[in-house]
Amino acid sequence: MTTTTGFLTLPPLDLVPGTLLVAVGPGASGKSTYAQTAAVDAVVCLDSLRREIGGDAGDQSVTPAAVERQNALLEQHLGAGRTVFLDSTNVEPHVRAGLVERARRRGRPIVALPFLPHLDICLTRNALRAANRRVPEGTLRWQHDLAREATPDALLREGFTSVHHIEPIPTGATMSDDALAPERIADAVAVLRKAQQGDQEAHETLGDYFPEYEGLVMQTDHVRYLELAARAGLEATHLLIMHIEADTWGASVDTYASDLGMPLASVNLGDHASRTEAVRETVRAATDNGWGLAPEHEWADFDCGGGEIHIPIYARPVSG
């Protein structure tokens with residue numbers, strides 16, 4: 001039986017060597033996070049191939065070339081009898097039909113792995129991605145609708161050998177359930193500081209404190225976190241205020257690596273009933289606990305399905 005950290009496979013999965021595992025899910029549904037610890041011989045990721053070919057994982061203009069490269073790699077892996085995970089959306093039936101035919105020609109089992117979190121979770125994760133990785137909201141909704149239509153019965157009729165849903169483990173899967181014990185904050189901040197300075201071992205250790213970042217927001221004593229993070233002089237940090245639903249604005253403090261590519265950690269600062277309240281209370285939390293704000297002209301306001309505000313902050317020097 002294969003296991004993957006942070007996920008449940010329903011029903012449990014017993015892999016035959018040489019199996020092609022096909023993710024079926026919209027953007028921001030957890031496919032790439034799953035791939036990082038999947039018990040397979042190889043992972044073929046369409047985003048990675050776009051990056052290799054065009055220098056940008058989000059450059060859709062190179063998608064045809066990336067798909068051609070993807071298919072060539074699948075042929076190599078299947079021909080060599082390797083178990084391979086295909087990390088791409090595969091929500092369109094005609095795309096899956098081509099994959100089923102490819103596996104059939106090679107005499108290999110082909111397993112569908114549907115990823116289907118609630119649409120709101122996908123939208124939230126997507127909004128928190130770097131700009132070049134965000135899927136247009138209309139496209140994401142379309143992908144989610146198609147993924148919902150890919151029921152186990154439908155996938156089996158298409159020719160898949162079996163279907164196994166991938167579900168995040170409940171204790172670490174939602175924004176409200178991710179918890180960092182207050183007594184561990186100081187150690188977590190120390191590891192964050194080292195990771196920001198380029199310490200690879202510390203970067204790998206972050207997973208002991210924070211979940212693999214996929215739009216998740218850690219719950220902990222945010223006042224203590226802000227205070228200790230300021231004292232440690234964490235850099236490349238900003239406040240994020242985001243519209244979650246009709247009358248809910250969520251707020252967090254995100255700590256980045258120096259390249260600003262992906263947050264290393266994201267700590268919840270609370271939910272609020274309006275944008276004005278969220279900005280006011282979030283700014284107050286930061287300024288009361290060791291942080292200064294960048295000038296307002298450096299704030300960034302995005303339209304991500306309702307609004308998103310990034311407020312750069314910096315740790316004020318600690319006297320004494």
# chains A, B, ... in the order shown; residues from 1 in each chain; ligands from 1
>>> residues_around(residues="Arg106 of chain A", least_positions_apart="5", cutoff="9 Å", atoms="only C-alpha atoms", output="ChimeraX atom specification")
/A:75,78-79,101
>>> residues_around(residues="segment 182-184 of chain A", least_positions_apart="6", cutoff="9 Å", atoms="only C-alpha atoms", output="PyMOL selection string")
chain A and resi 209+220-222+224-225
>>> residues_around(residues="segment 192-201 of chain A", least_positions_apart="4", cutoff="7 Å", atoms="only C-alpha atoms", output="list in words")
Ala188, Thr205, Leu234, Ala257 and Ser258 of chain A
>>> select_by_dssp(residues="segment 38-281 of chain A", states="alpha helix (DSSP H)", output="JSON, numbers by chain")
{"A": [46, 47, 48, 49, 50, 51, 52, 53, 54, 63, 64, 65, 66, 67, 68, 69, 70, 71, 72, 73, 74, 75, 76, 77, 78, 79, 93, 94, 95, 96, 97, 98, 99, 100, 101, 102, 103, 104, 105, 106, 119, 120, 121, 122, 123, 124, 125, 126, 127, 137, 138, 139, 140, 141, 142, 143, 144, 145, 146, 147, 148, 149, 152, 153, 154, 155, 156, 157, 158, 185, 186, 187, 188, 189, 190, 191, 192, 193, 194, 195, 196, 200, 201, 202, 203, 204, 205, 222, 223, 224, 225, 226, 227, 228, 229, 230, 231, 232, 275, 276, 277, 278, 279, 280, 281]}
>>> select_by_dssp(residues="segment 123-234 of chain A", states="strand (DSSP E)", output="list in words")
Ser162, Val163, His165, Ile166, Glu167 and Pro168 of chain A
>>> residues_around(residues="Leu155 of chain A", least_positions_apart="6", cutoff="10 Å", atoms="only C-alpha atoms", output="number ranges by chain")
A: 24, 93, 96-97, 111-114, 149, 161-163
>>> atom_distance(atom1="atom CA of Asp153 of chain A", atom2="atom CA of Ser88 of chain A")
21.0 Å
>>> closest_atom_pairs(of="segment 81-199 of chain A", to="segment 53-66 of chain A", cutoff="10 Å", atoms="only C-alpha atoms", output="JSON lines")
{"residue": "A:Ala130", "atom": "CA", "partner": "A:Gly58", "partner_atom": "CA", "distance": 9.7}
{"residue": "A:Ala131", "atom": "CA", "partner": "A:Gly58", "partner_atom": "CA", "distance": 8.7}
{"residue": "A:Asn132", "atom": "CA", "partner": "A:Gly58", "partner_atom": "CA", "distance": 5.1}
{"residue": "A:Arg133", "atom": "CA", "partner": "A:Gly58", "partner_atom": "CA", "distance": 5.1}
{"residue": "A:Arg134", "atom": "CA", "partner": "A:Gly58", "partner_atom": "CA", "distance": 7.7}
{"residue": "A:Val135", "atom": "CA", "partner": "A:Gly58", "partner_atom": "CA", "distance": 8.6}
>>> residues_around(residues="Ala286 of chain A", least_positions_apart="3", cutoff="10 Å", atoms="only C-alpha atoms", output="ChimeraX atom specification")
/A:222-223,226-227,230,238-239,253,269,281-283,289-293,313-315
>>> closest_residue(among="A:Val44, A:Ala154, A:Ala285, A:Thr139", to="Glu68 of chain A", atoms="only C-alpha atoms")
A:Val44
>>> atom_distance(atom1="atom CA of Ala236 of chain A", atom2="atom CA of Gly270 of chain A")
21.0 Å
>>> closest_residue(among="A:Leu240, A:Ala39, A:Met218, A:Ala265", to="Leu206 of chain A", atoms="only C-alpha atoms")
A:Ala265
>>> decode(residues="segment 93-128 of chain A", atoms="N, CA, C and O atoms", output="short mmCIF file (atom, residue, chain, number, x, y, z; two decimals), in the first residue's frame")
data_model
loop_
_atom_site.label_atom_id
_atom_site.label_comp_id
_atom_site.auth_asym_id
_atom_site.auth_seq_id
_atom_site.Cartn_x
_atom_site.Cartn_y
_atom_site.Cartn_z
N PRO A 93 -12.52 15.21 -20.72
CA PRO A 93 -12.60 13.80 -21.09
C PRO A 93 -11.69 13.42 -22.26
O PRO A 93 -11.10 12.33 -22.25
N HIS A 94 -11.53 14.30 -23.27
CA HIS A 94 -10.72 13.92 -24.43
C HIS A 94 -9.24 13.82 -24.04
O HIS A 94 -8.49 13.02 -24.63
N VAL A 95 -8.81 14.61 -23.05
CA VAL A 95 -7.43 14.52 -22.57
C VAL A 95 -7.22 13.17 -21.88
O VAL A 95 -6.22 12.47 -22.11
N ARG A 96 -8.17 12.80 -21.03
CA ARG A 96 -8.06 11.51 -20.33
C ARG A 96 -8.12 10.34 -21.32
O ARG A 96 -7.44 9.32 -21.13
N ALA A 97 -8.94 10.49 -22.36
CA ALA A 97 -9.04 9.40 -23.35
C ALA A 97 -7.68 9.13 -23.99
O ALA A 97 -7.31 7.96 -24.21
N GLY A 98 -6.93 10.17 -24.28
CA GLY A 98 -5.60 9.99 -24.86
C GLY A 98 -4.66 9.29 -23.90
O GLY A 98 -3.83 8.45 -24.31
N LEU A 99 -4.78 9.58 -22.61
CA LEU A 99 -3.93 8.94 -21.61
C LEU A 99 -4.29 7.47 -21.44
O LEU A 99 -3.40 6.61 -21.31
N VAL A 100 -5.59 7.19 -21.44
CA VAL A 100 -6.03 5.78 -21.33
C VAL A 100 -5.51 4.98 -22.52
O VAL A 100 -5.00 3.86 -22.36
N GLU A 101 -5.60 5.54 -23.71
CA GLU A 101 -5.11 4.84 -24.90
C GLU A 101 -3.60 4.64 -24.83
O GLU A 101 -3.10 3.57 -25.22
N ARG A 102 -2.87 5.61 -24.31
CA ARG A 102 -1.42 5.50 -24.20
C ARG A 102 -1.05 4.34 -23.26
O ARG A 102 -0.15 3.54 -23.55
N ALA A 103 -1.72 4.27 -22.11
CA ALA A 103 -1.44 3.20 -21.15
C ALA A 103 -1.84 1.84 -21.72
O ALA A 103 -1.13 0.84 -21.54
N ARG A 104 -2.97 1.81 -22.44
CA ARG A 104 -3.43 0.55 -23.02
C ARG A 104 -2.44 0.01 -24.05
O ARG A 104 -2.17 -1.19 -24.08
N ARG A 105 -1.88 0.89 -24.87
CA ARG A 105 -0.91 0.44 -25.86
C ARG A 105 0.32 -0.18 -25.20
O ARG A 105 0.93 -1.09 -25.76
N ARG A 106 0.66 0.34 -24.03
CA ARG A 106 1.84 -0.17 -23.32
C ARG A 106 1.50 -1.33 -22.38
O ARG A 106 2.39 -1.90 -21.75
N GLY A 107 0.21 -1.65 -22.28
CA GLY A 107 -0.20 -2.73 -21.39
C GLY A 107 -0.03 -2.38 -19.93
O GLY A 107 0.24 -3.25 -19.09
N ARG A 108 -0.18 -1.09 -19.59
CA ARG A 108 0.03 -0.63 -18.23
C ARG A 108 -1.31 -0.28 -17.56
O ARG A 108 -2.21 0.25 -18.20
N PRO A 109 -1.42 -0.55 -16.24
CA PRO A 109 -2.60 -0.08 -15.51
C PRO A 109 -2.62 1.44 -15.48
O PRO A 109 -1.57 2.09 -15.45
N ILE A 110 -3.82 2.01 -15.49
CA ILE A 110 -3.95 3.46 -15.39
C ILE A 110 -4.99 3.78 -14.32
O ILE A 110 -6.13 3.32 -14.38
N VAL A 111 -4.57 4.54 -13.33
CA VAL A 111 -5.38 4.81 -12.14
C VAL A 111 -5.71 6.30 -12.10
O VAL A 111 -4.83 7.14 -12.26
N ALA A 112 -6.99 6.61 -11.89
CA ALA A 112 -7.42 8.00 -11.74
C ALA A 112 -7.36 8.40 -10.27
O ALA A 112 -7.83 7.65 -9.40
N LEU A 113 -6.78 9.57 -10.01
CA LEU A 113 -6.72 10.11 -8.65
C LEU A 113 -7.44 11.46 -8.63
O LEU A 113 -6.83 12.50 -8.89
N PRO A 114 -8.76 11.46 -8.38
CA PRO A 114 -9.48 12.73 -8.33
C PRO A 114 -9.09 13.57 -7.11
O PRO A 114 -9.00 13.06 -5.99
N PHE A 115 -8.85 14.86 -7.35
CA PHE A 115 -8.61 15.86 -6.30
C PHE A 115 -9.76 16.85 -6.42
O PHE A 115 -9.85 17.56 -7.42
N LEU A 116 -10.61 16.95 -5.41
CA LEU A 116 -11.75 17.85 -5.55
C LEU A 116 -12.11 18.50 -4.21
O LEU A 116 -13.15 18.20 -3.62
N PRO A 117 -11.27 19.41 -3.71
CA PRO A 117 -11.68 20.20 -2.54
C PRO A 117 -12.87 21.08 -2.91
O PRO A 117 -13.18 21.27 -4.08
N HIS A 118 -13.51 21.63 -1.90
CA HIS A 118 -14.59 22.58 -2.15
C HIS A 118 -14.06 23.73 -3.01
O HIS A 118 -12.91 24.15 -2.89
N LEU A 119 -14.91 24.26 -3.88
CA LEU A 119 -14.50 25.33 -4.79
C LEU A 119 -13.91 26.52 -4.03
O LEU A 119 -12.93 27.12 -4.46
N ASP A 120 -14.50 26.87 -2.88
CA ASP A 120 -13.99 28.01 -2.11
C ASP A 120 -12.54 27.81 -1.68
O ASP A 120 -11.75 28.75 -1.63
N ILE A 121 -12.19 26.56 -1.35
CA ILE A 121 -10.81 26.28 -0.96
C ILE A 121 -9.88 26.50 -2.14
O ILE A 121 -8.81 27.11 -2.02
N CYS A 122 -10.28 26.01 -3.31
CA CYS A 122 -9.46 26.19 -4.50
C CYS A 122 -9.30 27.68 -4.83
O CYS A 122 -8.21 28.14 -5.17
N LEU A 123 -10.41 28.44 -4.73
CA LEU A 123 -10.34 29.87 -5.03
C LEU A 123 -9.42 30.60 -4.04
O LEU A 123 -8.65 31.49 -4.43
N THR A 124 -9.50 30.21 -2.77
CA THR A 124 -8.65 30.86 -1.76
C THR A 124 -7.19 30.54 -2.01
O THR A 124 -6.33 31.43 -2.01
N ARG A 125 -6.88 29.28 -2.25
CA ARG A 125 -5.49 28.90 -2.52
C ARG A 125 -4.98 29.60 -3.78
O ARG A 125 -3.85 30.09 -3.83
N ASN A 126 -5.81 29.64 -4.79
CA ASN A 126 -5.41 30.25 -6.06
C ASN A 126 -5.09 31.73 -5.87
O ASN A 126 -4.11 32.25 -6.42
N ALA A 127 -5.91 32.42 -5.09
CA ALA A 127 -5.70 33.86 -4.87
C ALA A 127 -4.40 34.14 -4.13
O ALA A 127 -3.81 35.21 -4.28
N LEU A 128 -3.93 33.16 -3.34
CA LEU A 128 -2.71 33.34 -2.57
C LEU A 128 -1.45 32.99 -3.36
O LEU A 128 -0.34 33.19 -2.89
#
